[in-house]
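Working notes for the structure below.
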Amino acid sequence: MSGHSKWSTIKHKKARTDAVRGKIFTKLIREITVAAREGGGDIDANPRLRLAVQSAKGHNMPNDNISRAIKKGSGETGGAVFEQICYEGYGPAGVAMMIDTLTDNKNRTTAEVRHALTKHNGNLGETGCVAWNFETKGVIRVSGGRCDEDTLMEVVLEAGAEDIANEDGFFTVTTSVVDLHRVTTALESGNIPFESVELVRVPNTLVELDADDARKVLKLMEWLEDLDDVQRVSANFDIPDEIMQG
C-alpha cells in the first residue's frame, strides 16, 4: 500500500471526532468558495467546484453549508478572499514536504507553517525544491462494507483508474487528474457510494524510515493539518506497517 493511502487511512481514523470533523468542514468550505470564485458557481461547468462538492458530500456536509459557500465564492454574498499558496520544505529525517494552503493572510500562514516545521526539526524551503518529486493524482475512498473488491476493481479500472489499495476496511482508488471525473461518474452509475474524493500530491519516490522517524513526520503532518489555513500535506515517505497496526 502506498504512503499516501496509509496517510489517508490515518486521517480517516482521526476524523471520526466531531471537533476534527468541524475543522474538515472549514477546509472544505474554503475550497468550495475558492473554486466557485475562480470558475463560477455552476457545478457542471466547473470541474474544481464539482470535485470540492463531491468531497464535501462524502464528509456528510449539509447541503445548506455547500450552497452558502458557493454563493460566497460566486459573489452573491460577501466574505474573505482566500489566496492559494503551496509551501515546500523538509521534515524530520530530510523528508520532502508540500503544504497546500488557502489563506486570507499570507504573513500569518507563512509564520505558522515555518513555526510548525522548525518546532518539529524541519525547515521551510525555496519554491521548487521538492515539487519535482510530486505528481498530482485523484484519490477516492470507498467503504469496503458497501462494495466487494472484484466489483469495484471492474468498475474503476474500466473507467481509467490507475491503482486500488485495501486498508482498514476501505479501498483507496488512485486516478490521473484527467480521469478522476470519469471514475467518480462510473462509481455513481454503478451505485457504489464513496466516502471522499480529492486531489493529492503523490510522491514519485519514497524514503524508507524507521518507526521512530516515521512517527515524528506523522506528528508534524498532523500539526500542520490542524492549522486552519492548511488544506493538505504531502510527504515522500512510506509509513511502516507497525504504525498502521498499532
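In the C-alpha cells, chains take letters A, B, ... by order of appearance, with residues numbered from 1 within each chain and ligands from 1 in the order shown.
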
Val53 (chain A): which residues within 8 Å, counting only C-alpha atoms, same-chain residues fewer than 3 positions away excluded, as a ChimeraX atom specification? /A:32,49-50,56-57,66

Please provide the set of residues having any atom within 12 Å of Asp148 (chain A), restricted to only C-alpha atoms, with same-chain residues fewer than 5 positions apart removed, written as a PyMOL selection string. chain A and resi 142-143+153-155+166+169-171+192

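CA of Met61 (chain A) is found 22.7 Å from CA of Gly190 (chain A).
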
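Between Ser189 (chain A) and the residues A:Val139, A:Asn60, A:Val156, A:Ser55, the shortest atom-to-atom distance, using only C-alpha atoms, involves A:Val156.
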
What are the nearest atom pairs, with distances in Å to one decimal, for all residues of region 172-201 of chain A that come at most 10 Å from region 125-138 of chain A, using only C-alpha atoms, set out by chain and rising residue number as JSON lines?
```
{"residue": "A:Val173", "atom": "CA", "partner": "A:Gly138", "partner_atom": "CA", "distance": 8.0}
{"residue": "A:Thr174", "atom": "CA", "partner": "A:Gly138", "partner_atom": "CA", "distance": 5.7}
{"residue": "A:Thr175", "atom": "CA", "partner": "A:Gly138", "partner_atom": "CA", "distance": 4.9}
{"residue": "A:Ser176", "atom": "CA", "partner": "A:Lys137", "partner_atom": "CA", "distance": 5.1}
{"residue": "A:Val177", "atom": "CA", "partner": "A:Lys137", "partner_atom": "CA", "distance": 5.4}
{"residue": "A:Val178", "atom": "CA", "partner": "A:Gly138", "partner_atom": "CA", "distance": 8.7}
{"residue": "A:Asp179", "atom": "CA", "partner": "A:Gly138", "partner_atom": "CA", "distance": 8.1}
{"residue": "A:Leu180", "atom": "CA", "partner": "A:Gly138", "partner_atom": "CA", "distance": 5.6}
{"residue": "A:His181", "atom": "CA", "partner": "A:Gly138", "partner_atom": "CA", "distance": 9.0}
{"residue": "A:Val183", "atom": "CA", "partner": "A:Gly138", "partner_atom": "CA", "distance": 9.6}
{"residue": "A:Thr184", "atom": "CA", "partner": "A:Gly138", "partner_atom": "CA", "distance": 10.0}
{"residue": "A:Val197", "atom": "CA", "partner": "A:Gly138", "partner_atom": "CA", "distance": 7.2}
{"residue": "A:Glu198", "atom": "CA", "partner": "A:Gly138", "partner_atom": "CA", "distance": 5.8}
{"residue": "A:Leu199", "atom": "CA", "partner": "A:Gly138", "partner_atom": "CA", "distance": 4.6}
{"residue": "A:Val200", "atom": "CA", "partner": "A:Lys137", "partner_atom": "CA", "distance": 5.5}
{"residue": "A:Arg201", "atom": "CA", "partner": "A:Thr136", "partner_atom": "CA", "distance": 4.4}
```

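Here the residues within region 99-181 of chain A that DSSP labels strand (DSSP E) on the basis of the backbone are Ile99, Asp100, Thr101, Leu102, Thr103, Asn123, Leu124, Phe134, Glu135, Thr136, Lys137, Gly138, Val139, Ile140, Arg141, Val142, Ser143, Asp163, Ile164, Ala165, Asn166, Glu167, Phe170, Phe171, Thr172, Val173, Thr174 and Thr175 of chain A.
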
Leaving out Lys71 (chain A) and any residue of its chain fewer than 4 positions from it, which residues lie within 10 Å of it when counting only C-alpha atoms, given as number ranges by chain? A: 32-33, 36-37, 40-41, 66-67, 75-78

Print the selection's residues with C-alpha atoms to a file, as an mmCIF file, in the first residue's frame.
```cif
data_model
loop_
_atom_site.group_PDB
_atom_site.id
_atom_site.type_symbol
_atom_site.label_atom_id
_atom_site.label_comp_id
_atom_site.auth_asym_id
_atom_site.auth_seq_id
_atom_site.Cartn_x
_atom_site.Cartn_y
_atom_site.Cartn_z
ATOM 1 C CA ILE A 32 -15.700 25.339 -2.423
ATOM 2 C CA THR A 33 -15.590 29.132 -2.045
ATOM 3 C CA ALA A 36 -16.677 28.994 -7.181
ATOM 4 C CA ARG A 37 -14.811 32.308 -7.218
ATOM 5 C CA GLY A 40 -18.166 30.173 -11.345
ATOM 6 C CA GLY A 41 -20.974 28.618 -9.331
ATOM 7 C CA ILE A 66 -22.402 23.830 0.471
ATOM 8 C CA SER A 67 -24.893 26.262 -1.066
ATOM 9 C CA GLY A 75 -20.084 36.860 -5.272
ATOM 10 C CA GLU A 76 -23.724 36.549 -4.217
ATOM 11 C CA THR A 77 -22.713 37.150 -0.605
ATOM 12 C CA GLY A 78 -19.695 38.836 0.977
#
```

What is the distance, in Å and to one decimal place, between CA of Glu38 (chain A) and CA of Gln54 (chain A)?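 Computing the Euclidean distance for CA of Glu38 (chain A) and CA of Gln54 (chain A) yields 17.5 Å.
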